[in-house]
>>> print(open('work.csv').read())   # CSV, N, CA, C and O atoms
chain,number,residue,atom,x,y,z
P,1099,MET,N,-12.5,5.1,75.7
P,1099,MET,CA,-12.4,6.2,74.8
P,1099,MET,C,-13.2,5.7,73.5
P,1099,MET,O,-13.1,4.6,73.1
P,1100,SER,N,-14.0,6.6,72.9
P,1100,SER,CA,-14.8,6.3,71.8
P,1100,SER,C,-13.9,6.2,70.5
P,1100,SER,O,-12.9,6.8,70.4
P,1101,THR,N,-14.4,5.4,69.6
P,1101,THR,CA,-13.7,5.2,68.3
P,1101,THR,C,-13.6,6.5,67.6
P,1101,THR,O,-12.5,6.7,67.0
P,1102,GLY,N,-14.6,7.3,67.6
P,1102,GLY,CA,-14.5,8.6,66.9
P,1102,GLY,C,-13.4,9.5,67.5
P,1102,GLY,O,-12.7,10.1,66.7
P,1103,LYS,N,-13.3,9.5,68.8
P,1103,LYS,CA,-12.2,10.4,69.3
P,1103,LYS,C,-10.8,9.8,69.0
P,1103,LYS,O,-9.9,10.6,68.7
P,1104,VAL,N,-10.7,8.5,69.0
P,1104,VAL,CA,-9.4,7.9,68.6
P,1104,VAL,C,-9.1,8.2,67.2
P,1104,VAL,O,-8.0,8.6,66.8
P,1105,LEU,N,-10.1,8.1,66.3
P,1105,LEU,CA,-9.9,8.3,64.9
P,1105,LEU,C,-9.5,9.7,64.6
P,1105,LEU,O,-8.6,10.0,63.9
P,1106,ILE,N,-10.2,10.7,65.3
P,1106,ILE,CA,-9.9,12.1,65.1
P,1106,ILE,C,-8.5,12.4,65.6
P,1106,ILE,O,-7.7,13.1,65.0
P,1107,GLY,N,-8.1,11.8,66.7
P,1107,GLY,CA,-6.8,12.0,67.3
P,1107,GLY,C,-5.7,11.5,66.3
P,1107,GLY,O,-4.6,12.1,66.1
P,1108,VAL,N,-5.9,10.3,65.7
P,1108,VAL,CA,-5.0,9.7,64.8
P,1108,VAL,C,-4.8,10.6,63.6
P,1108,VAL,O,-3.7,10.9,63.1
P,1109,LEU,N,-6.0,11.0,63.0
P,1109,LEU,CA,-5.9,11.9,61.8
P,1109,LEU,C,-5.2,13.2,62.1
P,1109,LEU,O,-4.4,13.7,61.3
P,1110,ALA,N,-5.5,13.8,63.3
P,1110,ALA,CA,-4.8,15.0,63.7
P,1110,ALA,C,-3.3,14.8,63.8
P,1110,ALA,O,-2.5,15.6,63.4
P,1111,GLY,N,-2.9,13.7,64.4
P,1111,GLY,CA,-1.5,13.3,64.5
P,1111,GLY,C,-0.8,13.2,63.2
P,1111,GLY,O,0.3,13.6,62.9
P,1112,VAL,N,-1.5,12.5,62.3
P,1112,VAL,CA,-0.9,12.3,60.9
P,1112,VAL,C,-0.8,13.6,60.2
P,1112,VAL,O,0.2,13.9,59.6
P,1113,ALA,N,-1.8,14.5,60.3
P,1113,ALA,CA,-1.7,15.8,59.7
P,1113,ALA,C,-0.6,16.6,60.2
P,1113,ALA,O,0.2,17.3,59.5
P,1114,THR,N,-0.4,16.6,61.6
P,1114,THR,CA,0.6,17.3,62.2
P,1114,THR,C,2.0,16.8,61.7
P,1114,THR,O,2.9,17.6,61.4
P,1115,GLY,N,2.1,15.5,61.7
P,1115,GLY,CA,3.4,14.9,61.3
P,1115,GLY,C,3.7,15.3,59.8
P,1115,GLY,O,4.9,15.6,59.5
P,1116,ALA,N,2.7,15.3,59.0
P,1116,ALA,CA,2.9,15.6,57.6
P,1116,ALA,C,3.3,17.1,57.5
P,1116,ALA,O,4.2,17.4,56.7
P,1117,ALA,N,2.7,17.9,58.2
P,1117,ALA,CA,3.0,19.4,58.1
P,1117,ALA,C,4.4,19.6,58.6
P,1117,ALA,O,5.1,20.4,58.0
P,1118,ILE,N,4.8,19.0,59.7
P,1118,ILE,CA,6.2,19.1,60.2
P,1118,ILE,C,7.2,18.6,59.2
P,1118,ILE,O,8.2,19.3,58.9
P,1119,GLY,N,6.9,17.5,58.5
P,1119,GLY,CA,7.8,16.9,57.5
P,1119,GLY,C,7.9,17.9,56.3
P,1119,GLY,O,9.0,18.1,55.8
P,1120,ILE,N,6.8,18.5,55.9
P,1120,ILE,CA,6.9,19.4,54.8
P,1120,ILE,C,7.7,20.7,55.2
P,1120,ILE,O,8.5,21.2,54.4
P,1121,LEU,N,7.5,21.2,56.4
P,1121,LEU,CA,8.2,22.4,56.9
P,1121,LEU,C,9.7,22.2,56.9
P,1121,LEU,O,10.5,23.1,56.6
P,1122,PHE,N,10.2,21.0,57.2
P,1122,PHE,CA,11.6,20.7,57.2
P,1122,PHE,C,12.2,20.2,55.9
P,1122,PHE,O,13.3,19.8,55.8
P,1123,ALA,N,11.3,20.1,54.9
P,1123,ALA,CA,11.8,19.6,53.5
P,1123,ALA,C,12.6,20.8,52.9
P,1123,ALA,O,12.3,22.0,53.1
P,1124,PRO,N,13.5,20.4,52.0
P,1124,PRO,CA,14.4,21.4,51.4
P,1124,PRO,C,13.8,22.0,50.1
P,1124,PRO,O,14.4,22.1,49.1
P,1125,ASP,N,12.5,22.5,50.2
P,1125,ASP,CA,11.9,23.1,49.0
P,1125,ASP,C,11.8,24.6,49.2
P,1125,ASP,O,12.0,25.1,50.3
P,1126,LYS,N,11.5,25.3,48.1
P,1126,LYS,CA,11.3,26.8,48.2
P,1126,LYS,C,10.1,27.0,49.1
P,1126,LYS,O,9.2,26.2,49.2
P,1127,GLY,N,10.0,28.2,49.7
P,1127,GLY,CA,8.9,28.6,50.5
P,1127,GLY,C,7.5,28.5,49.9
P,1127,GLY,O,6.5,28.1,50.4
P,1128,SER,N,7.5,28.9,48.6
P,1128,SER,CA,6.2,28.9,47.9
P,1128,SER,C,5.7,27.5,47.7
P,1128,SER,O,4.5,27.2,47.8
P,1129,LYS,N,6.6,26.6,47.3
P,1129,LYS,CA,6.2,25.2,47.2
P,1129,LYS,C,5.8,24.6,48.5
P,1129,LYS,O,4.8,23.8,48.5
P,1130,THR,N,6.5,24.9,49.5
P,1130,THR,CA,6.1,24.4,50.9
P,1130,THR,C,4.8,24.9,51.3
P,1130,THR,O,3.9,24.1,51.8
P,1131,ARG,N,4.5,26.2,51.0
P,1131,ARG,CA,3.1,26.7,51.4
P,1131,ARG,C,2.0,26.0,50.6
P,1131,ARG,O,1.0,25.7,51.1
P,1132,LYS,N,2.3,25.8,49.3
P,1132,LYS,CA,1.3,25.1,48.5
P,1132,LYS,C,1.1,23.6,49.0
P,1132,LYS,O,-0.1,23.2,49.1
P,1133,LYS,N,2.2,23.0,49.4
P,1133,LYS,CA,2.0,21.6,49.9
P,1133,LYS,C,1.2,21.6,51.2
P,1133,LYS,O,0.4,20.8,51.5
P,1134,ILE,N,1.5,22.6,52.1
P,1134,ILE,CA,0.8,22.7,53.4
P,1134,ILE,C,-0.7,22.9,53.1
P,1134,ILE,O,-1.5,22.3,53.7
P,1135,ALA,N,-1.0,23.8,52.2
P,1135,ALA,CA,-2.4,24.2,51.9
P,1135,ALA,C,-3.1,22.9,51.4
P,1135,ALA,O,-4.2,22.6,51.7
P,1136,LYS,N,-2.4,22.2,50.4
P,1136,LYS,CA,-3.0,21.0,49.8
P,1136,LYS,C,-3.3,20.0,50.9
P,1136,LYS,O,-4.4,19.4,51.0
P,1137,LYS,N,-2.3,19.7,51.7
P,1137,LYS,CA,-2.4,18.7,52.8
P,1137,LYS,C,-3.5,19.1,53.8
P,1137,LYS,O,-4.3,18.3,54.3
P,1138,SER,N,-3.6,20.4,54.1
P,1138,SER,CA,-4.6,20.9,55.0
P,1138,SER,C,-6.0,20.6,54.5
P,1138,SER,O,-6.9,20.2,55.2
P,1139,ASN,N,-6.2,20.9,53.2
P,1139,ASN,CA,-7.5,20.7,52.6
P,1139,ASN,C,-7.8,19.2,52.5
P,1139,ASN,O,-9.0,18.9,52.8
P,1140,GLU,N,-6.8,18.4,52.2
P,1140,GLU,CA,-7.1,17.0,52.2
P,1140,GLU,C,-7.5,16.5,53.6
P,1140,GLU,O,-8.4,15.7,53.8
P,1141,THR,N,-6.8,17.0,54.6
P,1141,THR,CA,-7.1,16.5,56.0
P,1141,THR,C,-8.5,17.0,56.4
P,1141,THR,O,-9.2,16.3,57.0
P,1142,VAL,N,-8.8,18.3,56.1
P,1142,VAL,CA,-10.1,18.8,56.4
P,1142,VAL,C,-11.2,17.9,55.7
P,1142,VAL,O,-12.2,17.6,56.4
P,1143,ASN,N,-11.0,17.6,54.5
P,1143,ASN,CA,-12.0,16.8,53.8
P,1143,ASN,C,-12.1,15.4,54.4
P,1143,ASN,O,-13.3,14.9,54.5
P,1144,GLU,N,-11.0,14.8,54.8
P,1144,GLU,CA,-11.1,13.5,55.4
P,1144,GLU,C,-11.8,13.6,56.8
P,1144,GLU,O,-12.7,12.7,57.1
P,1145,LEU,N,-11.6,14.7,57.5
P,1145,LEU,CA,-12.3,14.8,58.8
P,1145,LEU,C,-13.7,15.1,58.6
P,1145,LEU,O,-14.6,14.5,59.4
P,1146,LYS,N,-14.1,15.8,57.6
P,1146,LYS,CA,-15.5,16.0,57.3
P,1146,LYS,C,-16.2,14.7,56.9
P,1146,LYS,O,-17.3,14.4,57.4
P,1147,LYS,N,-15.6,13.9,56.1
P,1147,LYS,CA,-16.1,12.6,55.8
P,1147,LYS,C,-16.3,11.7,57.0
P,1147,LYS,O,-17.3,11.0,57.2
P,1148,LYS,N,-15.3,11.7,57.9
P,1148,LYS,CA,-15.4,10.9,59.1
P,1148,LYS,C,-16.5,11.4,60.0
P,1148,LYS,O,-17.2,10.6,60.6
P,1149,PHE,N,-16.6,12.7,60.1
P,1149,PHE,CA,-17.6,13.3,61.0
P,1149,PHE,C,-19.0,12.9,60.4
P,1149,PHE,O,-19.9,12.6,61.2
P,1150,GLU,N,-19.2,13.0,59.1
P,1150,GLU,CA,-20.5,12.7,58.5
P,1150,GLU,C,-20.8,11.2,58.7
P,1150,GLU,O,-21.9,10.9,59.0
P,1151,SER,N,-19.8,10.4,58.6
P,1151,SER,CA,-20.0,9.0,58.8
P,1151,SER,C,-20.4,8.7,60.3
P,1151,SER,O,-21.3,7.9,60.5
P,1152,LEU,N,-19.7,9.3,61.2
P,1152,LEU,CA,-20.1,9.2,62.6
P,1152,LEU,C,-21.5,9.7,62.9
P,1152,LEU,O,-22.2,9.1,63.7
P,1153,MET,N,-21.8,10.8,62.3
P,1153,MET,CA,-23.2,11.4,62.5
P,1153,MET,C,-24.2,10.5,61.9
P,1153,MET,O,-25.3,10.3,62.5
P,1154,ASN,N,-24.0,9.9,60.8
P,1154,ASN,CA,-24.9,9.0,60.2
P,1154,ASN,C,-25.1,7.7,61.1
P,1154,ASN,O,-26.2,7.2,61.2
P,1155,GLU,N,-24.0,7.2,61.6
P,1155,GLU,CA,-24.0,6.1,62.5
P,1155,GLU,C,-24.8,6.4,63.7
P,1155,GLU,O,-25.7,5.6,64.2
P,1156,ALA,N,-24.6,7.5,64.3
P,1156,ALA,CA,-25.3,8.0,65.5
P,1156,ALA,C,-26.8,8.1,65.2
P,1156,ALA,O,-27.7,7.7,66.0
P,1157,SER,N,-27.1,8.7,64.0
P,1157,SER,CA,-28.5,8.9,63.6
P,1157,SER,C,-29.2,7.5,63.5
P,1157,SER,O,-30.3,7.3,63.9
P,1158,ASP,N,-28.5,6.6,62.8
P,1158,ASP,CA,-29.1,5.2,62.7
P,1158,ASP,C,-29.3,4.6,64.0
P,1158,ASP,O,-30.4,3.9,64.2
P,1159,THR,N,-28.4,4.7,64.9
P,1159,THR,CA,-28.5,4.1,66.3
P,1159,THR,C,-29.7,4.7,67.0
P,1159,THR,O,-30.5,4.0,67.6
P,1160,LEU,N,-29.8,6.1,66.9
P,1160,LEU,CA,-30.9,6.8,67.5
P,1160,LEU,C,-32.3,6.3,66.9
P,1160,LEU,O,-33.2,6.0,67.7
P,1161,GLU,N,-32.4,6.1,65.6
P,1161,GLU,CA,-33.6,5.7,65.0
P,1161,GLU,C,-33.9,4.3,65.5
P,1161,GLU,O,-35.1,4.0,65.8
P,1162,ASP,N,-32.9,3.4,65.6
P,1162,ASP,CA,-33.2,2.0,66.0
P,1162,ASP,C,-33.7,2.0,67.5
P,1162,ASP,O,-34.6,1.3,67.8
P,1163,SER,N,-33.1,2.9,68.3
P,1163,SER,CA,-33.5,3.0,69.7
P,1163,SER,C,-34.9,3.5,69.8
P,1163,SER,O,-35.7,3.0,70.6
P,1164,LYS,N,-35.3,4.5,69.0
P,1164,LYS,CA,-36.7,5.0,69.0
P,1164,LYS,C,-37.7,3.9,68.6
P,1164,LYS,O,-38.7,3.8,69.2
P,1165,GLU,N,-37.3,3.1,67.6
P,1165,GLU,CA,-38.2,2.0,67.2
P,1165,GLU,C,-38.4,1.0,68.3
P,1165,GLU,O,-39.5,0.5,68.6
P,1166,GLU,N,-37.3,0.6,68.9
P,1166,GLU,CA,-37.3,-0.3,70.0
P,1166,GLU,C,-38.2,0.2,71.2
P,1166,GLU,O,-38.9,-0.5,71.8
P,1167,ALA,N,-38.0,1.5,71.5
P,1167,ALA,CA,-38.8,2.1,72.6
P,1167,ALA,C,-40.3,2.1,72.2
P,1167,ALA,O,-41.1,1.8,73.1
P,1168,ALA,N,-40.6,2.4,71.0
P,1168,ALA,CA,-42.0,2.4,70.6
P,1168,ALA,C,-42.6,1.0,70.7
P,1168,ALA,O,-43.7,0.9,71.1
P,1169,GLN,N,-41.8,0.0,70.3
P,1169,GLN,CA,-42.3,-1.3,70.4
P,1169,GLN,C,-42.5,-1.8,71.8
P,1169,GLN,O,-43.5,-2.4,72.2
P,1170,ALA,N,-41.6,-1.4,72.7
P,1170,ALA,CA,-41.7,-1.7,74.1
P,1170,ALA,C,-42.9,-1.0,74.7
P,1170,ALA,O,-43.6,-1.6,75.5
P,1171,LEU,N,-43.1,0.2,74.3
P,1171,LEU,CA,-44.3,1.0,74.8
P,1171,LEU,C,-45.6,0.3,74.4
P,1171,LEU,O,-46.5,0.1,75.2
P,1172,GLU,N,-45.6,-0.1,73.1
P,1172,GLU,CA,-46.8,-0.7,72.6
P,1172,GLU,C,-47.1,-2.1,73.3
P,1172,GLU,O,-48.2,-2.4,73.7
P,1173,LYS,N,-46.1,-2.8,73.6
P,1173,LYS,CA,-46.2,-4.1,74.3
P,1173,LYS,C,-46.7,-3.9,75.7
P,1173,LYS,O,-47.5,-4.6,76.2
P,1174,ALA,N,-46.1,-2.8,76.4
P,1174,ALA,CA,-46.6,-2.5,77.7
P,1174,ALA,C,-48.0,-2.1,77.8
P,1174,ALA,O,-48.8,-2.5,78.7
P,1175,LYS,N,-48.4,-1.3,76.8
P,1175,LYS,CA,-49.8,-0.9,76.7
P,1175,LYS,C,-50.8,-2.1,76.6
P,1175,LYS,O,-51.8,-2.2,77.2
P,1176,LYS,N,-50.4,-3.1,75.7
P,1176,LYS,CA,-51.2,-4.2,75.5
P,1176,LYS,C,-51.3,-5.1,76.8
P,1176,LYS,O,-52.3,-5.6,77.1
P,1177,LYS,N,-50.2,-5.2,77.5
P,1177,LYS,CA,-50.2,-6.0,78.7
P,1177,LYS,C,-51.1,-5.3,79.8
P,1177,LYS,O,-51.8,-5.9,80.5
P,1178,ALA,N,-51.0,-3.9,79.8
P,1178,ALA,CA,-51.8,-3.2,80.8
P,1178,ALA,C,-53.3,-3.3,80.4
P,1178,ALA,O,-54.1,-3.5,81.3
P,1179,GLU,N,-53.6,-3.3,79.1
P,1179,GLU,CA,-55.0,-3.5,78.7
P,1179,GLU,C,-55.5,-4.9,79.1
P,1179,GLU,O,-56.6,-5.1,79.6
P,1180,ALA,N,-54.6,-5.9,78.9
P,1180,ALA,CA,-55.0,-7.2,79.2
P,1180,ALA,C,-55.2,-7.4,80.7
P,1180,ALA,O,-56.2,-8.1,81.1
P,1181,ALA,N,-54.4,-6.8,81.5
P,1181,ALA,CA,-54.5,-6.9,82.9
P,1181,ALA,C,-55.8,-6.2,83.4
P,1181,ALA,O,-56.5,-6.7,84.3
P,1182,THR,N,-56.1,-5.0,82.8
P,1182,THR,CA,-57.3,-4.3,83.1
P,1182,THR,C,-58.5,-5.1,82.8
P,1182,THR,O,-59.5,-5.2,83.6
P,1183,ASN,N,-58.5,-5.7,81.6
P,1183,ASN,CA,-59.6,-6.5,81.2
P,1183,ASN,C,-59.8,-7.7,82.0
P,1183,ASN,O,-61.0,-8.1,82.4
P,1184,SER,N,-58.8,-8.4,82.4
P,1184,SER,CA,-58.9,-9.6,83.3
P,1184,SER,C,-59.3,-9.2,84.7
P,1184,SER,O,-60.0,-9.9,85.4
P,1185,ALA,N,-59.0,-8.0,85.1
P,1185,ALA,CA,-59.4,-7.5,86.5
P,1185,ALA,C,-60.9,-7.2,86.5
P,1185,ALA,O,-61.5,-7.4,87.5
P,1186,LYS,N,-61.4,-6.7,85.3
P,1186,LYS,CA,-62.8,-6.3,85.2
P,1186,LYS,C,-63.6,-7.6,85.2
P,1186,LYS,O,-64.8,-7.6,85.6
P,1187,SER,N,-63.1,-8.7,84.7
P,1187,SER,CA,-63.9,-9.9,84.5
P,1187,SER,C,-64.1,-10.6,85.8
P,1187,SER,O,-63.9,-10.7,86.8
>>> encode(input="work.csv", output="structure tokens")
Amino acid sequence: MSTGKVLIGVLAGVATGAAIGILFAPDKGSKTRKKIAKKSNETVNELKKKFESLMNEASDTLEDSKEEAAQALEKAKKKAEAATNSAKS
């Protein structure tokens, strides 16, 4: 299982637990709704940050892979040229 999926699952579990805890708290309904809305906004913001972080990490990995592939291609081209030149000689 990927780290991102585990992290999202943990955050969802924490948010669910917090929401259930608030629902069973002995506060007035209006206070409870405000707490739920606040916690929901906090959780959404945390998830957005985690998602952006994962996307940045994936983008960096993709860029690194592109660079490595370009270097490998260039190396293969040079070897092919060298082989062609030595075959011509």
>>> atom_distance(input="work.csv", atom1="atom O of Ile1106 of chain P", atom2="atom O of Glu1150 of chain P")
15.6 Å
>>> atom_distance(input="work.csv", atom1="atom CA of Gly1127 of chain P", atom2="atom CA of Thr1114 of chain P")
18.3 Å
>>> atom_distance(input="work.csv", atom1="atom CA of Leu1105 of chain P", atom2="atom CA of Glu1140 of chain P")
15.6 Å
>>> closest_residue(input="work.csv", among="P:Ala1174, P:Ile1134, P:Ser1151, P:Ala1168", to="Gly1115 of chain P", atoms="only C-alpha atoms")
P:Ile1134
>>> residues_around(input="work.csv", residues="Lys1148 of chain P", least_positions_apart="6", cutoff="12 Å", atoms="only C-alpha atoms", output="JSON, numbers by chain")
{"P": [1101, 1102, 1103, 1104, 1105, 1106, 1107, 1108, 1109, 1141, 1142, 1154, 1155]}
>>> residues_around(input="work.csv", residues="Lys1137 of chain P", least_positions_apart="5", cutoff="8 Å", atoms="all atoms listed in the file", output="VMD selection string")
chain P and resid 1113 1116 to 1117 1130 to 1132 1142 to 1144
>>> build_atoms(input="work.csv", residues="segment 1111-1122 of chain P", atoms="all heavy atoms", output="PDB file, in the coordinates of the input")
ATOM      1  N   GLY P1111      -2.900  13.700  64.400  1.00  0.00           N
ATOM      2  CA  GLY P1111      -1.500  13.300  64.500  1.00  0.00           C
ATOM      3  C   GLY P1111      -0.800  13.200  63.200  1.00  0.00           C
ATOM      4  O   GLY P1111       0.300  13.600  62.900  1.00  0.00           O
ATOM      5  N   VAL P1112      -1.500  12.500  62.300  1.00  0.00           N
ATOM      6  CA  VAL P1112      -0.900  12.300  60.900  1.00  0.00           C
ATOM      7  C   VAL P1112      -0.800  13.600  60.200  1.00  0.00           C
ATOM      8  O   VAL P1112       0.200  13.900  59.600  1.00  0.00           O
ATOM      9  CB  VAL P1112      -1.835  11.326  60.092  1.00  0.00           C
ATOM     10  CG1 VAL P1112      -1.456  11.326  58.625  1.00  0.00           C
ATOM     11  CG2 VAL P1112      -1.762   9.918  60.657  1.00  0.00           C
ATOM     12  N   ALA P1113      -1.800  14.500  60.300  1.00  0.00           N
ATOM     13  CA  ALA P1113      -1.700  15.800  59.700  1.00  0.00           C
ATOM     14  C   ALA P1113      -0.600  16.600  60.200  1.00  0.00           C
ATOM     15  O   ALA P1113       0.200  17.300  59.500  1.00  0.00           O
ATOM     16  CB  ALA P1113      -3.049  16.504  59.832  1.00  0.00           C
ATOM     17  N   THR P1114      -0.400  16.600  61.600  1.00  0.00           N
ATOM     18  CA  THR P1114       0.600  17.300  62.200  1.00  0.00           C
ATOM     19  C   THR P1114       2.000  16.800  61.700  1.00  0.00           C
ATOM     20  O   THR P1114       2.900  17.600  61.400  1.00  0.00           O
ATOM     21  CB  THR P1114       0.520  17.250  63.733  1.00  0.00           C
ATOM     22  OG1 THR P1114      -0.759  17.744  64.121  1.00  0.00           O
ATOM     23  CG2 THR P1114       1.615  18.046  64.418  1.00  0.00           C
ATOM     24  N   GLY P1115       2.100  15.500  61.700  1.00  0.00           N
ATOM     25  CA  GLY P1115       3.400  14.900  61.300  1.00  0.00           C
ATOM     26  C   GLY P1115       3.700  15.300  59.800  1.00  0.00           C
ATOM     27  O   GLY P1115       4.900  15.600  59.500  1.00  0.00           O
ATOM     28  N   ALA P1116       2.700  15.300  59.000  1.00  0.00           N
ATOM     29  CA  ALA P1116       2.900  15.600  57.600  1.00  0.00           C
ATOM     30  C   ALA P1116       3.300  17.100  57.500  1.00  0.00           C
ATOM     31  O   ALA P1116       4.200  17.400  56.700  1.00  0.00           O
ATOM     32  CB  ALA P1116       1.665  15.319  56.778  1.00  0.00           C
ATOM     33  N   ALA P1117       2.700  17.900  58.200  1.00  0.00           N
ATOM     34  CA  ALA P1117       3.000  19.400  58.100  1.00  0.00           C
ATOM     35  C   ALA P1117       4.400  19.600  58.600  1.00  0.00           C
ATOM     36  O   ALA P1117       5.100  20.400  58.000  1.00  0.00           O
ATOM     37  CB  ALA P1117       1.991  20.161  58.989  1.00  0.00           C
ATOM     38  N   ILE P1118       4.800  19.000  59.700  1.00  0.00           N
ATOM     39  CA  ILE P1118       6.200  19.100  60.200  1.00  0.00           C
ATOM     40  C   ILE P1118       7.200  18.600  59.200  1.00  0.00           C
ATOM     41  O   ILE P1118       8.200  19.300  58.900  1.00  0.00           O
ATOM     42  CB  ILE P1118       6.369  18.454  61.542  1.00  0.00           C
ATOM     43  CG1 ILE P1118       5.585  19.224  62.609  1.00  0.00           C
ATOM     44  CG2 ILE P1118       7.844  18.343  61.925  1.00  0.00           C
ATOM     45  CD1 ILE P1118       5.525  18.536  63.956  1.00  0.00           C
ATOM     46  N   GLY P1119       6.900  17.500  58.500  1.00  0.00           N
ATOM     47  CA  GLY P1119       7.800  16.900  57.500  1.00  0.00           C
ATOM     48  C   GLY P1119       7.900  17.900  56.300  1.00  0.00           C
ATOM     49  O   GLY P1119       9.000  18.100  55.800  1.00  0.00           O
ATOM     50  N   ILE P1120       6.800  18.500  55.900  1.00  0.00           N
ATOM     51  CA  ILE P1120       6.900  19.400  54.800  1.00  0.00           C
ATOM     52  C   ILE P1120       7.700  20.700  55.200  1.00  0.00           C
ATOM     53  O   ILE P1120       8.500  21.200  54.400  1.00  0.00           O
ATOM     54  CB  ILE P1120       5.450  19.824  54.371  1.00  0.00           C
ATOM     55  CG1 ILE P1120       4.770  18.612  53.718  1.00  0.00           C
ATOM     56  CG2 ILE P1120       5.468  20.991  53.409  1.00  0.00           C
ATOM     57  CD1 ILE P1120       3.296  18.803  53.440  1.00  0.00           C
ATOM     58  N   LEU P1121       7.500  21.200  56.400  1.00  0.00           N
ATOM     59  CA  LEU P1121       8.200  22.400  56.900  1.00  0.00           C
ATOM     60  C   LEU P1121       9.700  22.200  56.900  1.00  0.00           C
ATOM     61  O   LEU P1121      10.500  23.100  56.600  1.00  0.00           O
ATOM     62  CB  LEU P1121       7.727  22.787  58.248  1.00  0.00           C
ATOM     63  CG  LEU P1121       6.333  23.396  58.305  1.00  0.00           C
ATOM     64  CD1 LEU P1121       5.926  23.612  59.758  1.00  0.00           C
ATOM     65  CD2 LEU P1121       6.287  24.714  57.553  1.00  0.00           C
ATOM     66  N   PHE P1122      10.200  21.000  57.200  1.00  0.00           N
ATOM     67  CA  PHE P1122      11.600  20.700  57.200  1.00  0.00           C
ATOM     68  C   PHE P1122      12.200  20.200  55.900  1.00  0.00           C
ATOM     69  O   PHE P1122      13.300  19.800  55.800  1.00  0.00           O
ATOM     70  CB  PHE P1122      11.914  19.724  58.351  1.00  0.00           C
ATOM     71  CG  PHE P1122      11.796  20.370  59.705  1.00  0.00           C
ATOM     72  CD1 PHE P1122      10.704  20.131  60.502  1.00  0.00           C
ATOM     73  CD2 PHE P1122      12.780  21.237  60.150  1.00  0.00           C
ATOM     74  CE1 PHE P1122      10.585  20.731  61.744  1.00  0.00           C
ATOM     75  CE2 PHE P1122      12.672  21.847  61.388  1.00  0.00           C
ATOM     76  CZ  PHE P1122      11.568  21.597  62.185  1.00  0.00           C
TER      77      PHE P1122
END
